[in-house]
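A.B. asks: I have a structure I would like to understand better, so I am pasting it below and will then ask my questions one at a time.
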Amino acid sequence: MQRMTKLVTALGALAIVVGACGGGASPTPAPATTAPSTAPEVTPAPTEAAYPTGDFNLTLWTKEGEADGSLQYVKKLTDAYTVLHPNVKIEVVNKDVEALREDFQTASLAGAAPQMLWTVADHIGPFTAADLILPLDDMVDKASYVPAAADIVTVDGKLWGAPVSFGNQLMLYWNKTLAGDTAPADSDALVAKAKELTTGGNYGLVFNQTESFWMFPFLGGYGGSVFAADGKTPTLDTPSMNQALQFMYDLKYTDKVMPPEADYNVADGLFKDGKAPFIINGDWTLSTYVETFGDKLGVGPIPQLSGAEYPKPYIAGAFFMAAKAVGDDPDTKTVVSDFFTYATSQATQVDMVKTLKRLPGNAEALADPIVTGDPFLDGAAAAAQKGIPQPTNLEMRCIFDSATAGVRDMFTGNSDIAAIAKTMQSGAETCISQL
Amino acid sequence: MSLEAVQTAIGQVGLTLIVIAVVVAALEGLLYLLLVRVLRTRYAVPLMLVAPAALGLVILIGYPLLWELNVSFTSMSLRNFKDPGFLGLQKDMFVGLSNYIDVFTKPVLKLTGFWQLFAQTLVWTSLNVFFHVTLGMALALLLFRKMRGKGIYRALIILPWAIPQVIALLIWRTEFNFQYGAVNQLLGMIGVAPIPWLSDPFWNFAAMVLTNVWLGVPFMMVIILGGLQSIPGDYYEAAELDGASSRQSFRAITLPLLRPVLTPAIILGTVWTFNNINVPFFINQNELETSDILVTALFRQAFQYNRYGDAAAFAFVIFLMLLAFTIVYIRKTGSLKGAYE
């Protein structure tokens, strides 16, 4: 009887715990919508070998979303390619950037990865470390791309991505109605103007206070970098980092030109609602701000730090990548290669510029009058020229996470900047040692 | 949503359902032949009824658990990203118990270690279960009385349970915004200074508890209300005749007779709260380590840092802790005696 009691107790407990440990629902990705029906005017991409016959059903995972029309553009692009090659159908699936990385890793382990990705440069690190993607040296023409864009995704001498758009840099946007036509000359002028305009619920300057990405330009402006010369040893506990953190701390607590709390959406909302004349945000939002403000929008590099250099935002962009399994079938590889070449050709890229207002990865498209003659893109290009390539190695994830914790700590009022920098450094070292 | 996408989805789901139906039918047929025709056991019907669910548990939970146990003895990570096979022995990935040792000796993530996370998890679980049970009991006792509009009050109280949790959490997170959130604006109306719910360690933890209490009370209330309704009214009448006060009736009649209902509810509530990743993950937007609990740290270790071997060992440590708790709790309270007496 006692044995029976124990058995029932143990089974009952196990059943309860196992049943309770069942996974919960996970958020579902946003549903994709059908792209507008107009196809771009494009020239078929030249192919060196005979194009494969037979049906190809490929999948492209993209981080582009619906809100700014970029997902619709991606679908328009794939539909146009299908018009040229009716035997190729490409299913476009939108995923959030982090979900794309996690799901691609999981799907790769299960042997069910999509053939193509349209994603951010920092995925190169984890995907190459886990050997999940193909080098593209024999699939696309590297010389056709903007050298800086290609360099971002060149690791160990191999090209791992085909640049779709180049930039991703943070820059200064301003509302000309509130702040005037010209950009502030330097950070002192920016702060002075922001102070003047911080009244009655309005804030002079806004940006995302919850991510380290917004800190790195200032670190570069004060002469610092996240890695030592070997590209792997973190250098977050430096005088340059202290200066960068102090500058940001002063903006909020000394100059009082920033809101008490502002994540990406709050900052973006305040700027669009006309409650903040200046915002530091990325080039990915240029088309949305142009739509909101029209010719009352100013765009340019983040002003030079008084007594130091121009802030150096990270340059990255969006890139095509090919799953490793693509290399197992020569015909699929040919089709993917042809699609990448088509999608990053000059004509297609010029159309992308018209639609998405992003700097193209194709070198000829970058020199096209549609870029050089557009004041907004011209401002974005000027900002990009101040930038530096974002490291894409695996260790960079540790830098992002450790630095983000420090930035958040600082923006919640911790004024012990030196201690924050030390904590960032030790956090990054611990993380890297456990990779 | 295009027609093509809908058709594809229906096709995939429909095919899956058909496969499940065929497998279940085949399983039931096999069990019928074995249990009824061959063995002629009197447990044939209960076994046949339980079998499909048991099969589902084995496939969906049992097999993944075993695979995870396997991974916990390997060095699987992003730099070692491949199916380890059996204990990683043939792929030079076997690390023995070192992942389990690392759980207790090395920082789980940036700087915080297992013991701090465990303490935070205990505080989180205790506070939530306490408020779930006490508030749930209070609401259930109120709704157990005769009153007008009881159905409406019940529906309103159950509303938090009905809203998809992720949506509710995203809204709560927005409402905790320091300047623009409804919570601080309401507090401002009664003269309370704005609270940094998302950025201050103490207040962020409080925000998590508040949100989870709001989400969890309806479930506990419903369970307790069901339990109250199953207590025969004769006991209360007899107690009244004997001159017992309402407090005495509650202690001597209500609580003991609610125990068979409360015990599994509290165990489930404890396990669910201990394992609750949604609330801490979404409300702790700024990833404050002081607001992390064991499972959020586990999630980050697995999916942000891709340390799969370490995370698998970590997951099993949590599982074993919860299993031990459940066994001890059941034994001490004797609440499953009815199952085998």
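A note on labels: chains of the structure tokens are A, B, ... as shown, every chain counts residues from 1, and ligands are counted from 1 in their shown order.
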Provide as a list in words the residues of chain B at most 6 Å from chain A, counting only C-alpha atoms.
C.D. replies: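 Result, ordered by chain then number: Met1, Leu78, Arg79, Phe81, Lys110, Ser199, Thr326 and Ile327 of chain B.
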A.B. asks: Would you output that residue set with C-alpha atoms, as an mmCIF file, in the first residue's frame?
C.D. replies:
data_model
loop_
_atom_site.group_PDB
_atom_site.id
_atom_site.type_symbol
_atom_site.label_atom_id
_atom_site.label_comp_id
_atom_site.auth_asym_id
_atom_site.auth_seq_id
_atom_site.Cartn_x
_atom_site.Cartn_y
_atom_site.Cartn_z
ATOM 1 C CA MET B 1 -4.198 37.787 -46.233
ATOM 2 C CA LEU B 78 26.730 28.526 -32.070
ATOM 3 C CA ARG B 79 30.355 27.572 -32.646
ATOM 4 C CA PHE B 81 26.071 24.073 -34.132
ATOM 5 C CA LYS B 110 26.063 39.035 -18.130
ATOM 6 C CA SER B 199 13.589 51.687 -15.373
ATOM 7 C CA THR B 326 5.555 19.164 -6.132
ATOM 8 C CA ILE B 327 6.346 15.789 -4.582
#
A.B. asks: For Ala107 (chain A), find every residue with an atom within 12 Å (counting only C-alpha atoms), except residues of its own chain fewer than 5 positions away, and show them as a PyMOL selection string.
C.D. replies: (chain A and resi 61+99-102+112-115+132+323-325) or (chain B and resi 82)
A.B. asks: Residues of the last selection are to be written out with C-alpha atoms, as an mmCIF file, in the first residue's frame.
C.D. replies:
data_model
loop_
_atom_site.group_PDB
_atom_site.id
_atom_site.type_symbol
_atom_site.label_atom_id
_atom_site.label_comp_id
_atom_site.auth_asym_id
_atom_site.auth_seq_id
_atom_site.Cartn_x
_atom_site.Cartn_y
_atom_site.Cartn_z
ATOM 1 C CA TRP A 61 12.672 35.481 -45.219
ATOM 2 C CA ALA A 99 12.974 36.191 -34.713
ATOM 3 C CA LEU A 100 14.530 35.822 -38.165
ATOM 4 C CA ARG A 101 17.898 34.976 -36.644
ATOM 5 C CA GLU A 102 16.518 32.539 -34.067
ATOM 6 C CA ALA A 112 14.155 23.211 -43.214
ATOM 7 C CA ALA A 113 15.816 26.563 -43.676
ATOM 8 C CA PRO A 114 14.570 29.021 -46.318
ATOM 9 C CA GLN A 115 16.846 29.357 -49.316
ATOM 10 C CA LEU A 132 24.664 28.131 -41.936
ATOM 11 C CA ALA A 323 21.369 29.199 -46.897
ATOM 12 C CA LYS A 324 24.111 26.592 -47.007
ATOM 13 C CA ALA A 325 21.771 23.979 -48.468
ATOM 14 C CA LYS B 82 25.086 20.566 -35.150
#
A.B. asks: Would you kindly return, as a list in words, each protein, DNA or RNA residue with an atom no farther than 10 Å from any atom of region 209-212 of chain B, considering only C-alpha atoms and excluding same-chain residues fewer than 4 positions away?
C.D. replies: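 Returned residues: Val123, Trp124, Thr125, Leu127, Asn128, Val129, Phe131, His132, Ala168, Leu169, Trp172, Arg173, Trp203, Asn204, Phe205, Gly216, Val217, Thr273, Asn276, Asn278, Val279, Pro280 and Ile283 of chain B.
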A.B. asks: Limited to N, CA and C atoms, could you put the picked residues into a file as a PDB file, in the first residue's frame?
C.D. replies:
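What landed in selection.pdb:
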ATOM      1  N   VAL B 123      10.936  35.034  -4.687  1.00  0.00           N
ATOM      2  CA  VAL B 123      10.171  36.210  -4.278  1.00  0.00           C
ATOM      3  C   VAL B 123       9.021  36.435  -5.263  1.00  0.00           C
ATOM      4  N   TRP B 124       9.328  36.375  -6.535  1.00  0.00           N
ATOM      5  CA  TRP B 124       8.327  36.555  -7.594  1.00  0.00           C
ATOM      6  C   TRP B 124       7.184  35.548  -7.434  1.00  0.00           C
ATOM      7  N   THR B 125       7.539  34.276  -7.251  1.00  0.00           N
ATOM      8  CA  THR B 125       6.519  33.223  -7.167  1.00  0.00           C
ATOM      9  C   THR B 125       5.696  33.381  -5.901  1.00  0.00           C
ATOM     10  N   LEU B 127       5.111  36.002  -3.949  1.00  0.00           N
ATOM     11  CA  LEU B 127       4.215  37.166  -3.957  1.00  0.00           C
ATOM     12  C   LEU B 127       3.003  36.906  -4.856  1.00  0.00           C
ATOM     13  N   ASN B 128       3.260  36.381  -6.033  1.00  0.00           N
ATOM     14  CA  ASN B 128       2.161  36.171  -6.973  1.00  0.00           C
ATOM     15  C   ASN B 128       1.165  35.136  -6.474  1.00  0.00           C
ATOM     16  N   VAL B 129       1.658  33.996  -6.009  1.00  0.00           N
ATOM     17  CA  VAL B 129       0.747  32.940  -5.555  1.00  0.00           C
ATOM     18  C   VAL B 129      -0.048  33.437  -4.344  1.00  0.00           C
ATOM     19  N   PHE B 131      -0.963  36.517  -3.586  1.00  0.00           N
ATOM     20  CA  PHE B 131      -2.022  37.443  -3.999  1.00  0.00           C
ATOM     21  C   PHE B 131      -3.066  36.760  -4.869  1.00  0.00           C
ATOM     22  N   HIS B 132      -2.630  35.822  -5.705  1.00  0.00           N
ATOM     23  CA  HIS B 132      -3.603  35.086  -6.513  1.00  0.00           C
ATOM     24  C   HIS B 132      -4.603  34.377  -5.611  1.00  0.00           C
ATOM     25  N   ALA B 168      -2.214  41.771 -23.853  1.00  0.00           N
ATOM     26  CA  ALA B 168      -2.425  42.445 -22.571  1.00  0.00           C
ATOM     27  C   ALA B 168      -1.099  42.990 -22.029  1.00  0.00           C
ATOM     28  N   LEU B 169      -0.037  42.207 -22.173  1.00  0.00           N
ATOM     29  CA  LEU B 169       1.262  42.620 -21.635  1.00  0.00           C
ATOM     30  C   LEU B 169       1.825  43.812 -22.403  1.00  0.00           C
ATOM     31  N   TRP B 172      -0.059  46.759 -21.143  1.00  0.00           N
ATOM     32  CA  TRP B 172       0.393  47.117 -19.801  1.00  0.00           C
ATOM     33  C   TRP B 172       1.750  47.814 -19.855  1.00  0.00           C
ATOM     34  N   ARG B 173       2.640  47.305 -20.701  1.00  0.00           N
ATOM     35  CA  ARG B 173       3.979  47.899 -20.792  1.00  0.00           C
ATOM     36  C   ARG B 173       3.885  49.360 -21.229  1.00  0.00           C
ATOM     37  N   TRP B 203      10.655  49.198  -8.750  1.00  0.00           N
ATOM     38  CA  TRP B 203       9.328  49.458  -9.328  1.00  0.00           C
ATOM     39  C   TRP B 203       9.055  48.588 -10.539  1.00  0.00           C
ATOM     40  N   ASN B 204      10.091  48.200 -11.258  1.00  0.00           N
ATOM     41  CA  ASN B 204       9.872  47.303 -12.381  1.00  0.00           C
ATOM     42  C   ASN B 204       9.407  45.943 -11.889  1.00  0.00           C
ATOM     43  N   PHE B 205      10.004  45.489 -10.783  1.00  0.00           N
ATOM     44  CA  PHE B 205       9.574  44.212 -10.192  1.00  0.00           C
ATOM     45  C   PHE B 205       8.128  44.333  -9.724  1.00  0.00           C
ATOM     46  N   GLY B 216      -3.668  36.679 -13.162  1.00  0.00           N
ATOM     47  CA  GLY B 216      -3.833  35.362 -12.547  1.00  0.00           C
ATOM     48  C   GLY B 216      -5.003  35.215 -11.601  1.00  0.00           C
ATOM     49  N   VAL B 217      -5.499  36.325 -11.053  1.00  0.00           N
ATOM     50  CA  VAL B 217      -6.604  36.245 -10.090  1.00  0.00           C
ATOM     51  C   VAL B 217      -7.865  35.600 -10.693  1.00  0.00           C
ATOM     52  N   THR B 273       3.688  30.159 -12.368  1.00  0.00           N
ATOM     53  CA  THR B 273       4.307  31.441 -12.030  1.00  0.00           C
ATOM     54  C   THR B 273       5.822  31.314 -12.045  1.00  0.00           C
ATOM     55  N   ASN B 276       6.793  31.378 -15.564  1.00  0.00           N
ATOM     56  CA  ASN B 276       6.150  32.400 -16.384  1.00  0.00           C
ATOM     57  C   ASN B 276       7.196  33.269 -17.066  1.00  0.00           C
ATOM     58  N   ASN B 278       6.379  35.128 -19.954  1.00  0.00           N
ATOM     59  CA  ASN B 278       5.755  36.244 -20.672  1.00  0.00           C
ATOM     60  C   ASN B 278       5.817  37.547 -19.894  1.00  0.00           C
ATOM     61  N   VAL B 279       5.327  37.502 -18.651  1.00  0.00           N
ATOM     62  CA  VAL B 279       5.228  38.755 -17.896  1.00  0.00           C
ATOM     63  C   VAL B 279       6.610  39.367 -17.636  1.00  0.00           C
ATOM     64  N   PRO B 280       7.572  38.616 -17.072  1.00  0.00           N
ATOM     65  CA  PRO B 280       8.883  39.243 -16.858  1.00  0.00           C
ATOM     66  C   PRO B 280       9.550  39.667 -18.160  1.00  0.00           C
ATOM     67  N   ILE B 283       7.355  42.940 -19.564  1.00  0.00           N
ATOM     68  CA  ILE B 283       7.333  44.121 -18.694  1.00  0.00           C
ATOM     69  C   ILE B 283       8.756  44.606 -18.418  1.00  0.00           C
TER      70      ILE B 283
END
A.B. asks: Using DSSP on the backbone, list every residue of region 135-289 of chain B that comes out as helix (DSSP H, G or I), and give them as a ChimeraX atom specification.
C.D. replies: /B:135-143,150-162,165-175,182-189,201-229,233-241,246-274,278-283,289
A.B. asks: For region 314-316 of chain A, list every protein, DNA or RNA residue within 8 Å, evaluated using only C-alpha atoms, and leave out those in the same chain fewer than 5 positions away; present the list as a list of chain:residue names.
C.D. replies: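 Returned residues: A:Val120, A:Ala121, A:Ala149, A:Ile152, A:Phe166, A:Gly167, A:Asn168, A:Gln169, A:Leu170, A:Phe216, A:Pro217, A:Ala384, A:Gly387, A:Ile388, A:Pro389, A:Gln390.
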A.B. asks: Need the shell around Lys142 (chain A): protein/DNA/RNA residues with any atom at most 12 Å away, counting only C-alpha atoms. Skip same-chain ones fewer than 2 positions apart. Format as number ranges by chain?
C.D. replies: A: 135-140, 144-151, 153-154, 157-163, 340-341, 344-345, 361-363
A.B. asks: List as number ranges by chain the protein and nucleic acid residues near region 98-101 of chain B, meaning an atom at most 12 Å away when only C-alpha atoms are counted, but skip any in the same chain fewer than 3 places from it.
C.D. replies: A: 434; B: 69-77, 93-95, 104-108, 114, 307-318
A.B. asks: Those same residues, written as a compact mmCIF listing (two decimals), in the first residue's frame with C-alpha atoms?
C.D. replies:
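And here is the file that came out, result-v3.txt:
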# COMPACT_ATOMS: atom_id res chain seq x y z
CA GLN A 434 31.31 31.75 -22.78
CA LEU B 69 18.52 15.93 -21.63
CA ASN B 70 20.84 14.61 -24.32
CA VAL B 71 21.93 18.13 -25.31
CA SER B 72 22.58 19.04 -21.68
CA PHE B 73 25.63 16.76 -21.66
CA THR B 74 27.12 18.33 -24.79
CA SER B 75 28.92 21.49 -25.78
CA MET B 76 26.29 22.50 -28.34
CA SER B 77 26.50 26.24 -29.07
CA MET B 93 30.87 17.25 -28.02
CA PHE B 94 30.45 15.29 -24.80
CA VAL B 95 31.23 17.39 -21.71
CA PHE B 104 25.73 26.98 -10.22
CA THR B 105 29.23 28.37 -10.54
CA LYS B 106 29.29 30.75 -13.53
CA PRO B 107 27.15 33.80 -14.40
CA VAL B 108 24.12 32.67 -16.32
CA PHE B 114 22.04 31.21 -10.47
CA ARG B 307 24.55 28.37 -25.45
CA TYR B 308 22.33 25.39 -26.04
CA GLY B 309 24.19 22.86 -23.91
CA ASP B 310 24.32 25.19 -20.91
CA ALA B 311 20.68 26.19 -21.38
CA ALA B 312 19.54 22.56 -21.58
CA ALA B 313 21.27 21.78 -18.29
CA PHE B 314 19.79 24.92 -16.77
CA ALA B 315 16.32 23.87 -17.92
CA PHE B 316 16.68 20.49 -16.26
CA VAL B 317 17.84 22.02 -13.01
CA ILE B 318 14.65 24.11 -12.99
A.B. asks: Tell me, as a list of chain:residue names, which residues lie within 7 Å of Pro360 (chain A), counting only C-alpha atoms; anything in the same chain fewer than 2 positions away does not count.
C.D. replies: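 With the cut-off at 7 Å, the set is A:Val164, A:Ser165, A:Phe166, A:Gln349, A:Val353, A:Arg358, A:Asn362, A:Ala365, A:Leu366.
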A.B. asks: Restricting it to C-alpha atoms, dump the selection as an mmCIF file, in the first residue's frame.
C.D. replies:
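Result file result20.cif:
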data_model
loop_
_atom_site.group_PDB
_atom_site.id
_atom_site.type_symbol
_atom_site.label_atom_id
_atom_site.label_comp_id
_atom_site.auth_asym_id
_atom_site.auth_seq_id
_atom_site.Cartn_x
_atom_site.Cartn_y
_atom_site.Cartn_z
ATOM 1 C CA VAL A 164 20.481 45.493 -50.966
ATOM 2 C CA SER A 165 20.720 48.796 -49.178
ATOM 3 C CA PHE A 166 23.684 50.431 -47.662
ATOM 4 C CA GLN A 349 18.232 49.427 -57.137
ATOM 5 C CA VAL A 353 15.636 54.175 -54.028
ATOM 6 C CA ARG A 358 17.394 54.104 -48.959
ATOM 7 C CA ASN A 362 24.873 48.948 -56.105
ATOM 8 C CA ALA A 365 22.865 53.233 -58.556
ATOM 9 C CA LEU A 366 24.568 55.215 -55.779
#
